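*Asks:* Contents of model-v8.txt (compact mmCIF, C-alpha atoms) are below:
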```
# COMPACT_ATOMS: atom_id res chain seq x y z
CA MET R 1 0.00 0.00 0.00
CA LEU R 2 1.41 3.33 -1.03
CA LEU R 3 0.44 6.38 0.98
CA LEU R 4 1.36 9.82 -0.22
CA LEU R 5 1.12 12.84 1.98
CA ALA R 6 1.33 16.31 0.59
CA GLY R 7 2.08 19.32 2.67
CA CYS R 8 2.19 23.01 2.23
CA GLU R 9 4.13 25.72 3.93
CA LYS R 10 2.02 28.14 5.88
CA GLY R 11 3.17 31.71 6.03
CA VAL R 12 1.62 33.15 9.18
CA PHE R 13 1.63 36.91 9.26
CA ASN R 14 -0.49 39.65 10.74
CA PRO R 15 -2.13 41.64 7.94
CA ASN R 16 -2.90 44.48 10.36
CA ALA R 17 0.71 44.97 11.45
CA ALA R 18 2.70 47.60 9.63
CA ASP R 19 6.42 47.39 9.10
CA GLY R 20 8.74 50.03 10.53
CA GLY R 21 9.00 51.97 7.28
CA GLN R 22 5.24 52.34 6.96
CA VAL R 23 4.83 53.50 10.56
CA VAL R 24 7.11 56.51 10.39
CA GLN R 25 5.94 57.76 6.99
CA THR R 26 2.43 58.88 7.94
CA ALA R 27 0.97 61.02 10.70
CA GLU R 28 -1.43 58.21 11.64
CA GLY R 29 1.43 55.74 11.91
CA LEU R 30 3.49 58.06 14.12
CA THR R 31 0.47 58.73 16.32
CA ALA R 32 -0.15 55.00 16.76
CA LEU R 33 3.54 54.46 17.58
CA ILE R 34 3.51 57.21 20.21
CA VAL R 35 0.30 55.90 21.79
CA GLY R 36 1.79 52.39 21.95
CA ILE R 37 5.00 53.60 23.55
CA LYS R 38 3.06 55.71 26.04
CA LYS R 39 0.85 52.76 26.97
CA GLU R 40 3.81 50.42 27.37
CA PHE R 41 5.82 52.70 29.64
CA SER R 42 3.20 54.61 31.66
CA VAL R 43 0.03 52.56 32.23
CA GLY R 44 -0.48 50.27 35.20
CA ALA R 45 1.35 49.18 38.31
CA THR R 46 3.94 47.28 36.26
CA SER R 47 4.90 50.24 34.09
CA ALA R 48 8.32 51.83 34.05
CA LEU R 49 6.95 55.19 35.23
CA TYR R 50 5.18 53.70 38.26
CA ASN R 51 8.20 51.59 39.16
CA ALA R 52 10.66 54.48 38.86
CA ILE R 53 8.57 56.78 41.04
CA SER R 54 7.87 54.07 43.63
CA SER R 55 11.47 52.85 43.91
CA ASN R 56 12.81 56.41 44.16
CA GLY R 57 10.22 57.42 46.74
CA LEU R 58 10.75 54.35 48.91
CA THR R 59 14.54 54.59 48.95
CA THR R 60 14.54 58.33 49.74
CA LYS R 61 11.82 57.92 52.41
CA GLU R 62 9.42 60.21 50.52
CA LEU R 63 6.96 57.30 50.38
CA TYR R 64 6.23 54.58 52.90
CA VAL R 65 4.66 51.15 52.73
CA ILE R 66 1.20 50.99 54.31
CA ASN R 67 0.72 47.28 53.67
CA THR R 68 3.61 45.63 55.51
CA GLY R 69 2.54 42.30 54.02
CA ASN R 70 4.24 43.36 50.79
CA GLY R 71 7.71 42.12 51.65
CA GLU R 72 9.48 43.36 48.52
CA LEU R 73 8.38 46.96 49.02
CA ALA R 74 8.98 46.83 52.77
CA ALA R 75 12.53 45.54 52.16
CA LEU R 76 13.15 48.32 49.65
CA GLU R 77 11.90 50.88 52.16
CA ALA R 78 14.13 49.43 54.91
CA GLY R 79 17.11 49.55 52.53
CA LYS R 80 20.71 48.38 52.99
CA GLY R 81 21.06 44.63 53.54
CA ASN R 82 17.31 44.01 53.51
CA VAL R 83 17.03 44.09 49.72
CA GLY R 84 17.95 40.74 48.22
CA GLY R 85 18.76 39.78 44.68
CA SER R 86 15.42 38.03 44.33
CA ASN R 87 13.36 41.14 45.06
CA ALA R 88 10.41 40.94 42.65
CA PHE R 89 9.79 44.69 42.67
CA LEU R 90 13.35 45.51 41.61
CA ARG R 91 13.23 42.81 38.95
CA ASN R 92 10.03 44.41 37.65
CA VAL R 93 11.77 47.81 37.48
CA TRP R 94 14.34 46.39 35.07
CA THR R 95 11.94 44.29 33.01
CA SER R 96 9.52 47.19 32.53
CA CYS R 97 12.29 49.44 31.26
CA ASN R 98 13.92 46.89 28.95
CA ILE R 99 11.51 45.91 26.22
CA SER R 100 12.95 43.45 23.75
CA LEU R 101 11.88 43.12 20.14
CA PRO R 102 9.97 39.81 20.59
CA THR R 103 7.75 41.36 23.29
CA MET R 104 6.90 44.49 21.31
CA SER R 105 3.74 44.60 19.27
CA ILE R 106 4.21 47.26 16.62
```
Represent the structure contained in this file as structure tokens.

*Replies:*
Amino acid sequence: MLLLLAGCEKGVFNPNAADGGQVVQTAEGLTALIVGIKKEFSVGATSALYNAISSNGLTTKELYVINTGNGELAALEAGKGNVGGSNAFLRNVWTSCNISLPTMSI
């Protein structure tokens, strides 16, 4: 018995996504780019803006932690040897500021 299987190559692409050249050539493209960058860096409790303000305020004692159950923020407020390398808040500061190409949706 002879069995033949044929296959095809699927090219998966997003028809709504513009390439970089198309984005910067029109006013609408630039506006969409600016809105996307603004949303990525300034919206929500995991944004770079929130993290920068919070980490600065906690380390300079301009802010204080009300909920002492949040160990990462309490350690950052206490400072010195209390902040460990596994502090989730500090890790979030770096990850929110460093956006890599695979995570961007342009």

*Asks:* In Å, with one decimal, what is the gap from CA of Val83 in chain R to CA of Gly71 in chain R?

*Replies:* 9.7 Å

*Asks:* Neighbours of range 42-54 of chain R within 7 Å (all atoms listed in the file; same-chain residues fewer than 4 positions away dropped), as a PyMOL selection string?

*Replies:* chain R and resi 38+58+92-93+96-97

*Asks:* Could you please give me, as a list in words, the residues of protein, DNA or RNA lying at most 12 Å from (10.0, 56.6, 52.5) in the coordinate frame of the file, considering all atoms listed in the file?

*Replies:* Ile53, Ser54, Ser55, Asn56, Gly57, Leu58, Thr59, Thr60, Lys61, Glu62, Leu63, Tyr64, Val65, Ile66, Leu73, Ala74, Ala75, Leu76, Glu77, Ala78 and Gly79 of chain R

*Asks:* Residues near Gly29 in chain R, anyone? I mean within 12 Å using all atoms listed in the file, not counting same-chain ones fewer than 5 positions away, as a PyMOL selection string.

*Replies:* chain R and resi 17-24+34-36+106

*Asks:* What is the distance between CA of Asn98 in chain R and CA of Glu40 in chain R, in Å to one decimal?

*Replies:* 10.8 Å

*Asks:* CA of Thr31 in chain R and CA of Gly11 in chain R, how far apart in Å?

*Replies:*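 Straight-line distance from CA of Gly11 in chain R to CA of Thr31 in chain R works out to 29.0 Å.
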
*Asks:* Just need the box for range 66-77 of chain R, edges along x, y and z, holding every atom the file lists for it with 3 Å tacked onto each side, so centre and edge lengths in Å to one decimal, as AutoDock Vina command-line options.

*Replies:*
```
--center_x 6.9 --center_y 46.6 --center_z 52.0 --size_x 18.4 --size_y 14.9 --size_z 13.0
```
